[in-house]
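Listing of data.cif; format and content: mmCIF, N, CA and C atoms.
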data_query
#
loop_
_atom_site.label_atom_id
_atom_site.label_comp_id
_atom_site.auth_asym_id
_atom_site.auth_seq_id
_atom_site.Cartn_x
_atom_site.Cartn_y
_atom_site.Cartn_z
N MET I 1 76.48 60.54 157.77
CA MET I 1 76.96 59.17 157.82
C MET I 1 78.35 59.16 158.41
N PRO I 2 78.52 58.54 159.58
CA PRO I 2 79.82 58.54 160.25
C PRO I 2 80.95 57.94 159.41
N ALA I 3 80.66 56.94 158.60
CA ALA I 3 81.71 56.29 157.83
C ALA I 3 82.30 57.20 156.76
N LEU I 4 81.62 58.27 156.44
CA LEU I 4 82.12 59.16 155.39
C LEU I 4 83.20 60.10 155.88
N GLY I 5 83.24 60.34 157.16
CA GLY I 5 84.32 61.12 157.75
C GLY I 5 84.59 62.44 157.05
N GLY I 6 83.57 63.20 156.75
CA GLY I 6 83.78 64.51 156.14
C GLY I 6 84.10 64.48 154.66
N ALA I 7 83.65 63.47 153.95
CA ALA I 7 83.95 63.35 152.53
C ALA I 7 82.88 63.98 151.64
N ALA I 8 82.06 64.86 152.19
CA ALA I 8 80.96 65.46 151.42
C ALA I 8 81.47 66.15 150.15
N GLU I 9 82.59 66.84 150.26
CA GLU I 9 83.13 67.54 149.08
C GLU I 9 83.46 66.55 147.97
N LEU I 10 84.09 65.44 148.34
CA LEU I 10 84.44 64.41 147.37
C LEU I 10 83.18 63.85 146.70
N LEU I 11 82.15 63.65 147.48
CA LEU I 11 80.91 63.09 146.93
C LEU I 11 80.24 64.07 145.97
N TRP I 12 80.23 65.35 146.29
CA TRP I 12 79.64 66.33 145.38
C TRP I 12 80.47 66.48 144.11
N ILE I 13 81.79 66.31 144.22
CA ILE I 13 82.64 66.31 143.02
C ILE I 13 82.26 65.10 142.15
N ALA I 14 82.03 63.95 142.77
CA ALA I 14 81.62 62.75 142.01
C ALA I 14 80.28 62.98 141.33
N VAL I 15 79.34 63.61 142.03
CA VAL I 15 78.03 63.93 141.42
C VAL I 15 78.25 64.81 140.19
N GLY I 16 79.06 65.84 140.33
CA GLY I 16 79.30 66.75 139.22
C GLY I 16 80.01 66.09 138.05
N LEU I 17 81.04 65.31 138.34
CA LEU I 17 81.76 64.63 137.26
C LEU I 17 80.88 63.62 136.53
N ALA I 18 80.04 62.92 137.28
CA ALA I 18 79.12 61.98 136.64
C ALA I 18 78.06 62.71 135.82
N GLY I 19 77.74 63.93 136.23
CA GLY I 19 76.74 64.71 135.51
C GLY I 19 77.23 65.24 134.17
N VAL I 20 78.53 65.41 134.03
CA VAL I 20 79.08 65.99 132.80
C VAL I 20 78.65 65.21 131.55
N PRO I 21 78.84 63.90 131.49
CA PRO I 21 78.43 63.19 130.27
C PRO I 21 76.99 62.69 130.28
N SER I 22 76.26 62.93 131.37
CA SER I 22 74.97 62.26 131.51
C SER I 22 73.94 62.67 130.47
N SER I 23 73.89 63.93 130.11
CA SER I 23 72.91 64.35 129.10
C SER I 23 73.17 63.67 127.77
N VAL I 24 74.41 63.67 127.35
CA VAL I 24 74.76 63.02 126.08
C VAL I 24 74.45 61.53 126.14
N TRP I 25 74.84 60.89 127.24
CA TRP I 25 74.62 59.44 127.36
C TRP I 25 73.14 59.10 127.34
N TRP I 26 72.32 59.82 128.12
CA TRP I 26 70.89 59.49 128.20
C TRP I 26 70.15 59.90 126.93
N ILE I 27 70.59 60.95 126.25
CA ILE I 27 69.98 61.30 124.97
C ILE I 27 70.27 60.21 123.95
N ARG I 28 71.48 59.69 123.95
CA ARG I 28 71.81 58.56 123.06
C ARG I 28 71.00 57.32 123.42
N ALA I 29 70.83 57.08 124.72
CA ALA I 29 69.99 55.95 125.16
C ALA I 29 68.56 56.15 124.67
N ALA I 30 68.06 57.37 124.73
CA ALA I 30 66.69 57.66 124.27
C ALA I 30 66.57 57.43 122.76
N GLN I 31 67.60 57.77 122.02
CA GLN I 31 67.58 57.54 120.57
C GLN I 31 67.58 56.04 120.25
N ARG I 32 68.28 55.27 121.06
CA ARG I 32 68.38 53.83 120.84
C ARG I 32 67.16 53.07 121.35
N TRP I 33 66.71 53.38 122.57
CA TRP I 33 65.64 52.61 123.23
C TRP I 33 64.28 53.28 123.14
N GLY I 34 64.27 54.56 122.83
CA GLY I 34 63.07 55.38 122.91
C GLY I 34 63.12 56.17 124.21
N ALA I 35 62.57 57.38 124.17
CA ALA I 35 62.64 58.26 125.33
C ALA I 35 61.98 57.67 126.58
N PRO I 36 60.79 57.07 126.47
CA PRO I 36 60.18 56.53 127.69
C PRO I 36 61.04 55.45 128.35
N ALA I 37 61.59 54.54 127.56
CA ALA I 37 62.43 53.48 128.13
C ALA I 37 63.68 54.06 128.77
N ALA I 38 64.30 55.03 128.12
CA ALA I 38 65.50 55.66 128.68
C ALA I 38 65.16 56.40 129.99
N LEU I 39 64.04 57.08 130.00
CA LEU I 39 63.63 57.79 131.22
C LEU I 39 63.34 56.82 132.35
N ILE I 40 62.68 55.72 132.05
CA ILE I 40 62.40 54.71 133.08
C ILE I 40 63.71 54.16 133.64
N ALA I 41 64.63 53.80 132.76
CA ALA I 41 65.92 53.27 133.20
C ALA I 41 66.68 54.29 134.05
N ALA I 42 66.70 55.54 133.59
CA ALA I 42 67.40 56.59 134.34
C ALA I 42 66.76 56.81 135.71
N HIS I 43 65.45 56.78 135.76
CA HIS I 43 64.76 56.93 137.05
C HIS I 43 65.14 55.80 138.01
N LEU I 44 65.20 54.58 137.50
CA LEU I 44 65.53 53.45 138.37
C LEU I 44 66.97 53.51 138.86
N VAL I 45 67.89 53.92 138.00
CA VAL I 45 69.29 54.10 138.42
C VAL I 45 69.37 55.20 139.47
N GLN I 46 68.65 56.30 139.23
CA GLN I 46 68.67 57.39 140.20
C GLN I 46 68.07 56.97 141.54
N ALA I 47 66.96 56.25 141.49
CA ALA I 47 66.32 55.79 142.73
C ALA I 47 67.28 54.90 143.52
N ALA I 48 67.99 54.03 142.83
CA ALA I 48 68.96 53.17 143.50
C ALA I 48 70.06 54.01 144.14
N GLY I 49 70.54 54.99 143.42
CA GLY I 49 71.58 55.86 143.97
C GLY I 49 71.11 56.64 145.19
N ILE I 50 69.87 57.05 145.18
CA ILE I 50 69.34 57.80 146.32
C ILE I 50 69.23 56.91 147.55
N VAL I 51 68.81 55.68 147.38
CA VAL I 51 68.50 54.81 148.52
C VAL I 51 69.72 54.01 149.03
N LEU I 52 70.74 53.85 148.24
CA LEU I 52 71.91 53.05 148.65
C LEU I 52 72.47 53.45 150.03
N PRO I 53 72.65 54.74 150.31
CA PRO I 53 73.23 55.10 151.61
C PRO I 53 72.36 54.72 152.81
N VAL I 54 71.09 54.47 152.59
CA VAL I 54 70.23 54.06 153.70
C VAL I 54 70.63 52.67 154.19
N PHE I 55 71.07 51.81 153.28
CA PHE I 55 71.33 50.42 153.61
C PHE I 55 72.81 50.08 153.77
N PHE I 56 73.69 50.92 153.23
CA PHE I 56 75.12 50.65 153.29
C PHE I 56 75.85 51.91 153.72
N ASP I 57 76.65 51.80 154.77
CA ASP I 57 77.33 52.94 155.36
C ASP I 57 78.83 52.85 155.08
N SER I 58 79.20 53.16 153.81
CA SER I 58 80.63 53.16 153.49
C SER I 58 80.90 54.22 152.44
N LEU I 59 82.13 54.65 152.37
CA LEU I 59 82.52 55.67 151.41
C LEU I 59 82.34 55.15 149.99
N TRP I 60 82.68 53.90 149.72
CA TRP I 60 82.57 53.35 148.36
C TRP I 60 81.13 53.30 147.89
N VAL I 61 80.23 52.93 148.77
CA VAL I 61 78.81 52.91 148.41
C VAL I 61 78.31 54.33 148.20
N ALA I 62 78.76 55.25 149.05
CA ALA I 62 78.37 56.65 148.88
C ALA I 62 78.88 57.20 147.55
N LEU I 63 80.08 56.81 147.14
CA LEU I 63 80.60 57.23 145.83
C LEU I 63 79.76 56.65 144.70
N LEU I 64 79.40 55.37 144.81
CA LEU I 64 78.53 54.75 143.80
C LEU I 64 77.19 55.48 143.75
N ALA I 65 76.63 55.78 144.91
CA ALA I 65 75.36 56.50 144.97
C ALA I 65 75.49 57.88 144.31
N ALA I 66 76.59 58.57 144.56
CA ALA I 66 76.82 59.88 143.96
C ALA I 66 76.90 59.79 142.44
N VAL I 67 77.56 58.76 141.95
CA VAL I 67 77.68 58.57 140.49
C VAL I 67 76.31 58.24 139.89
N CYS I 68 75.54 57.39 140.57
CA CYS I 68 74.19 57.06 140.08
C CYS I 68 73.31 58.31 140.03
N PHE I 69 73.38 59.11 141.07
CA PHE I 69 72.56 60.32 141.13
C PHE I 69 73.04 61.34 140.09
N GLY I 70 74.32 61.66 140.12
CA GLY I 70 74.86 62.65 139.19
C GLY I 70 74.76 62.21 137.74
N GLY I 71 74.90 60.91 137.51
CA GLY I 71 74.85 60.38 136.15
C GLY I 71 73.47 60.30 135.56
N THR I 72 72.46 60.67 136.33
CA THR I 72 71.09 60.65 135.81
C THR I 72 70.39 62.00 135.91
N LEU I 73 70.80 62.83 136.82
CA LEU I 73 70.08 64.08 137.10
C LEU I 73 69.90 64.94 135.84
N MET I 74 70.96 65.30 135.19
CA MET I 74 70.87 66.15 134.01
C MET I 74 70.31 65.37 132.81
N GLY I 75 70.63 64.09 132.74
CA GLY I 75 70.12 63.27 131.64
C GLY I 75 68.61 63.16 131.66
N ILE I 76 68.03 62.96 132.85
CA ILE I 76 66.58 62.90 132.97
C ILE I 76 65.97 64.22 132.52
N THR I 77 66.55 65.30 132.95
CA THR I 77 66.04 66.63 132.58
C THR I 77 66.11 66.82 131.07
N ALA I 78 67.24 66.51 130.47
CA ALA I 78 67.42 66.70 129.03
C ALA I 78 66.44 65.85 128.22
N VAL I 79 66.33 64.58 128.57
CA VAL I 79 65.45 63.69 127.82
C VAL I 79 63.98 64.05 128.04
N ALA I 80 63.61 64.36 129.28
CA ALA I 80 62.21 64.69 129.58
C ALA I 80 61.77 65.96 128.85
N VAL I 81 62.60 66.97 128.87
CA VAL I 81 62.24 68.22 128.20
C VAL I 81 62.16 68.01 126.69
N SER I 82 63.11 67.30 126.13
CA SER I 82 63.09 67.03 124.70
C SER I 82 61.87 66.20 124.30
N PHE I 83 61.62 65.14 125.04
CA PHE I 83 60.49 64.26 124.75
C PHE I 83 59.16 65.00 124.96
N GLY I 84 59.05 65.73 126.05
CA GLY I 84 57.82 66.49 126.31
C GLY I 84 57.51 67.47 125.20
N GLY I 85 58.53 68.17 124.74
CA GLY I 85 58.34 69.10 123.64
C GLY I 85 57.95 68.42 122.35
N ARG I 86 58.48 67.22 122.13
CA ARG I 86 58.21 66.48 120.91
C ARG I 86 56.79 65.92 120.86
N ILE I 87 56.25 65.49 121.99
CA ILE I 87 54.94 64.84 121.97
C ILE I 87 53.79 65.81 122.23
N SER I 88 54.08 67.04 122.56
CA SER I 88 53.04 68.01 122.91
C SER I 88 52.56 68.76 121.67
N ALA I 89 51.28 69.08 121.67
CA ALA I 89 50.73 69.92 120.62
C ALA I 89 51.23 71.36 120.77
N GLN I 90 51.61 71.73 121.99
CA GLN I 90 52.16 73.06 122.28
C GLN I 90 53.52 72.89 122.95
N PRO I 91 54.57 72.66 122.15
CA PRO I 91 55.88 72.33 122.71
C PRO I 91 56.44 73.38 123.68
N ALA I 92 56.33 74.64 123.35
CA ALA I 92 56.88 75.68 124.23
C ALA I 92 56.18 75.67 125.58
N ARG I 93 54.87 75.50 125.55
CA ARG I 93 54.11 75.45 126.81
C ARG I 93 54.52 74.23 127.64
N MET I 94 54.67 73.08 126.99
CA MET I 94 55.05 71.86 127.70
C MET I 94 56.45 71.99 128.30
N ILE I 95 57.38 72.53 127.55
CA ILE I 95 58.74 72.71 128.06
C ILE I 95 58.72 73.67 129.25
N GLY I 96 57.91 74.72 129.17
CA GLY I 96 57.77 75.65 130.30
C GLY I 96 57.18 74.96 131.53
N LEU I 97 56.15 74.15 131.32
CA LEU I 97 55.54 73.42 132.44
C LEU I 97 56.52 72.43 133.07
N LEU I 98 57.26 71.72 132.24
CA LEU I 98 58.25 70.77 132.77
C LEU I 98 59.33 71.50 133.55
N THR I 99 59.81 72.61 133.02
CA THR I 99 60.83 73.40 133.70
C THR I 99 60.31 73.91 135.05
N ALA I 100 59.06 74.38 135.06
CA ALA I 100 58.47 74.86 136.32
C ALA I 100 58.32 73.70 137.31
N ALA I 101 57.91 72.53 136.83
CA ALA I 101 57.76 71.37 137.72
C ALA I 101 59.10 70.96 138.30
N PHE I 102 60.15 70.94 137.48
CA PHE I 102 61.48 70.60 137.99
C PHE I 102 61.90 71.61 139.04
N GLY I 103 61.70 72.89 138.76
CA GLY I 103 62.08 73.94 139.71
C GLY I 103 61.31 73.84 141.01
N LEU I 104 60.02 73.55 140.91
CA LEU I 104 59.20 73.39 142.11
C LEU I 104 59.71 72.22 142.95
N GLY I 105 60.04 71.13 142.29
CA GLY I 105 60.60 69.98 143.00
C GLY I 105 61.92 70.31 143.67
N GLN I 106 62.73 71.13 143.03
CA GLN I 106 64.02 71.52 143.59
C GLN I 106 63.85 72.41 144.82
N MET I 107 62.72 73.10 144.90
CA MET I 107 62.47 73.95 146.07
C MET I 107 61.78 73.17 147.19
N ILE I 108 60.81 72.36 146.85
CA ILE I 108 60.01 71.66 147.86
C ILE I 108 60.76 70.47 148.45
N GLY I 109 61.47 69.73 147.62
CA GLY I 109 62.17 68.53 148.09
C GLY I 109 63.10 68.77 149.26
N PRO I 110 64.00 69.75 149.17
CA PRO I 110 64.89 70.00 150.30
C PRO I 110 64.18 70.45 151.57
N VAL I 111 63.08 71.17 151.42
CA VAL I 111 62.33 71.60 152.60
C VAL I 111 61.75 70.38 153.32
N ILE I 112 61.16 69.48 152.56
CA ILE I 112 60.59 68.26 153.13
C ILE I 112 61.70 67.39 153.73
N ALA I 113 62.81 67.25 152.99
CA ALA I 113 63.93 66.44 153.48
C ALA I 113 64.49 67.00 154.78
N GLY I 114 64.65 68.30 154.85
CA GLY I 114 65.16 68.92 156.06
C GLY I 114 64.22 68.73 157.24
N TRP I 115 62.93 68.88 156.99
CA TRP I 115 61.93 68.69 158.03
C TRP I 115 61.97 67.25 158.54
N LEU I 116 62.01 66.28 157.61
CA LEU I 116 62.06 64.88 158.02
C LEU I 116 63.35 64.56 158.78
N ALA I 117 64.46 65.07 158.27
CA ALA I 117 65.75 64.80 158.93
C ALA I 117 65.78 65.37 160.34
N GLU I 118 65.22 66.54 160.52
CA GLU I 118 65.18 67.14 161.84
C GLU I 118 64.31 66.32 162.79
N ARG I 119 63.18 65.87 162.32
CA ARG I 119 62.26 65.11 163.15
C ARG I 119 62.77 63.69 163.44
N GLN I 120 63.49 63.10 162.47
CA GLN I 120 63.93 61.72 162.62
C GLN I 120 65.39 61.59 163.05
N GLY I 121 66.10 62.67 163.09
CA GLY I 121 67.49 62.63 163.51
C GLY I 121 68.44 62.08 162.45
N GLY I 122 68.06 62.14 161.21
CA GLY I 122 68.91 61.67 160.12
C GLY I 122 68.15 61.73 158.81
N PHE I 123 68.83 61.40 157.74
CA PHE I 123 68.26 61.56 156.41
C PHE I 123 67.68 60.28 155.82
N ASN I 124 67.68 59.18 156.55
CA ASN I 124 67.18 57.92 155.98
C ASN I 124 65.74 58.03 155.49
N GLY I 125 64.88 58.62 156.28
CA GLY I 125 63.48 58.77 155.87
C GLY I 125 63.34 59.62 154.63
N ALA I 126 64.10 60.70 154.58
CA ALA I 126 64.05 61.58 153.42
C ALA I 126 64.57 60.87 152.17
N LEU I 127 65.63 60.10 152.33
CA LEU I 127 66.18 59.36 151.20
C LEU I 127 65.20 58.29 150.70
N LEU I 128 64.55 57.61 151.63
CA LEU I 128 63.54 56.62 151.24
C LEU I 128 62.37 57.28 150.52
N LEU I 129 61.92 58.41 151.03
CA LEU I 129 60.82 59.14 150.39
C LEU I 129 61.23 59.62 149.00
N ALA I 130 62.41 60.18 148.88
CA ALA I 130 62.88 60.67 147.58
C ALA I 130 63.02 59.54 146.58
N SER I 131 63.60 58.43 147.03
CA SER I 131 63.74 57.28 146.14
C SER I 131 62.37 56.77 145.72
N GLY I 132 61.44 56.72 146.66
CA GLY I 132 60.09 56.29 146.33
C GLY I 132 59.42 57.20 145.32
N ALA I 133 59.64 58.50 145.44
CA ALA I 133 59.07 59.46 144.49
C ALA I 133 59.64 59.23 143.09
N VAL I 134 60.94 58.93 143.01
CA VAL I 134 61.57 58.68 141.71
C VAL I 134 61.07 57.37 141.12
N VAL I 135 60.90 56.34 141.96
CA VAL I 135 60.33 55.08 141.47
C VAL I 135 58.90 55.32 140.99
N LEU I 136 58.13 56.12 141.71
CA LEU I 136 56.78 56.45 141.27
C LEU I 136 56.82 57.11 139.89
N GLY I 137 57.78 57.97 139.68
CA GLY I 137 57.95 58.58 138.36
C GLY I 137 58.18 57.54 137.28
N ALA I 138 59.01 56.53 137.58
CA ALA I 138 59.26 55.45 136.62
C ALA I 138 57.98 54.66 136.35
N VAL I 139 57.22 54.40 137.41
CA VAL I 139 55.96 53.66 137.25
C VAL I 139 54.98 54.46 136.39
N LEU I 140 54.88 55.74 136.64
CA LEU I 140 53.98 56.58 135.84
C LEU I 140 54.43 56.65 134.38
N LEU I 141 55.73 56.71 134.17
CA LEU I 141 56.24 56.68 132.79
C LEU I 141 55.89 55.36 132.12
N ALA I 142 56.04 54.26 132.84
CA ALA I 142 55.71 52.95 132.27
C ALA I 142 54.22 52.86 131.96
N ALA I 143 53.38 53.39 132.85
CA ALA I 143 51.94 53.38 132.60
C ALA I 143 51.58 54.24 131.40
N GLY I 144 52.20 55.40 131.30
CA GLY I 144 51.97 56.27 130.15
C GLY I 144 52.44 55.65 128.86
N ARG I 145 53.54 54.97 128.94
CA ARG I 145 54.09 54.30 127.75
C ARG I 145 53.15 53.20 127.28
N ALA I 146 52.55 52.49 128.25
CA ALA I 146 51.65 51.38 127.91
C ALA I 146 50.33 51.88 127.32
N THR I 147 49.92 53.09 127.66
CA THR I 147 48.60 53.55 127.24
C THR I 147 48.62 54.63 126.16
N SER I 148 49.79 55.15 125.81
CA SER I 148 49.85 56.24 124.88
C SER I 148 50.43 55.82 123.53
N PRO I 149 49.72 56.08 122.46
CA PRO I 149 50.28 55.75 121.15
C PRO I 149 51.43 56.67 120.74
N ARG I 150 51.55 57.83 121.41
CA ARG I 150 52.62 58.79 121.05
C ARG I 150 53.92 58.49 121.77
N ALA I 151 53.89 57.66 122.80
CA ALA I 151 55.11 57.34 123.56
C ALA I 151 55.79 56.22 122.86
#

Represent the supplied structure as structure tokens.
Amino acid sequence: MPALGGAAELLWIAVGLAGVPSSVWWIRAAQRWGAPAALIAAHLVQAAGIVLPVFFDSLWVALLAAVCFGGTLMGITAVAVSFGGRISAQPARMIGLLTAAFGLGQMIGPVIAGWLAERQGGFNGALLLASGAVVLGAVLLAAGRATSPRA
């Protein structure tokens, strides 16, 4: 993004600083609202953070996007693993499966994003796809919440 003028380091610092309290904040949200509702909310905040740079080309928007992303990344992981372990008949197996799925996503996502960025000459397509995947996660959580007595 030309408007960022080499501010990538600043943005990653914002992601990291926003990530520091995110697990505690989202775990508290899960205790107050229930884990599915907290996960849905966190997914929607994260999706917004991912897609913001596609539509707005400014440092301030990029900082907001970084805070949205960083402020949900670890929180989603913490709440999902805790909730998955709690609702599963085999908690250790579920936590292992969730951890493997997160790791797989961390490996596959950047490969797809890089491929799209190379083909399209920028990251807009990859950001739209990533945001869509996170929204799909929120939709699936909402569907599971509506149909599961354990959620």

Among I:Ala100, I:Val135, I:Ile112, I:Val67, Gly19 (chain I) is approached most closely, using all atoms listed in the file, by I:Val67

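Summary of the local environment: counting only N, CA and C atoms, residues at most 8 Å from Ala41 (chain I), other than itself and those fewer than 5 positions away along its chain, are Ala35, Pro36, Gln46, Ala47, Thr72 and Ala138 of chain I.
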
Shortest contact to Gly96 (chain I), candidates I:Gln120, I:Arg145, I:Pro110, I:Val81, atoms counted all atoms listed in the file, goes to I:Val81

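You can rank I:Leu11, I:Phe69, I:Gly103, I:Gly114 by their closest distance to Ala48 (chain I) using all atoms listed in the file, and at the top of that list sits I:Phe69.
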
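Reported to one decimal place, the separation of CA of Val51 (chain I) from CA of Ala113 (chain I) is 13.4 Å.
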
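Here atom C of Pro53 (chain I) is placed at a distance of 10.4 Å from atom C of Gly125 (chain I).
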
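With distances taken over only N, CA and C atoms, I:His43 is the one residue among I:Ser88, I:Gly6, I:Arg28, I:His43 lying closest to Leu136 (chain I).
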
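With atom C of Trp115 (chain I) on one side and atom N of Leu127 (chain I) on the other, the separation reads 10.2 Å.
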
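Of the listed residues I:Ile76, I:Ala146, I:Met107, I:Ile95, the one whose atoms come nearest to Ser23 (chain I) is I:Ile76, with distances taken using all atoms listed in the file.
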
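Distances here use all atoms listed in the file; by that measure, the residue among I:Ala143, I:Ala62, I:Val54, I:Ala89 closest to Phe123 (chain I) is I:Val54.
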
Set the distance at 7 Å and use all atoms listed in the file: which residues neighbour Met94 (chain I) once local chain neighbours fewer than 4 positions away are removed? I'd like the list as a ChimeraX atom specification.
/I:81,84-85,88,90,98-99

File dump, residues just selected, N, CA and C atoms, as a CSV table (one decimal), keeping the file's coordinate frame:
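Result went into out_38.csv, see below:
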chain,number,residue,atom,x,y,z
I,81,VAL,N,62.6,67.0,128.9
I,81,VAL,CA,62.2,68.2,128.2
I,81,VAL,C,62.2,68.0,126.7
I,84,GLY,N,59.0,65.7,126.0
I,84,GLY,CA,57.8,66.5,126.3
I,84,GLY,C,57.5,67.5,125.2
I,85,GLY,N,58.5,68.2,124.7
I,85,GLY,CA,58.3,69.1,123.6
I,85,GLY,C,58.0,68.4,122.4
I,88,SER,N,54.1,67.0,122.6
I,88,SER,CA,53.0,68.0,122.9
I,88,SER,C,52.6,68.8,121.7
I,90,GLN,N,51.6,71.7,122.0
I,90,GLN,CA,52.2,73.1,122.3
I,90,GLN,C,53.5,72.9,123.0
I,98,LEU,N,57.3,71.7,132.2
I,98,LEU,CA,58.2,70.8,132.8
I,98,LEU,C,59.3,71.5,133.6
I,99,THR,N,59.8,72.6,133.0
I,99,THR,CA,60.8,73.4,133.7
I,99,THR,C,60.3,73.9,135.0
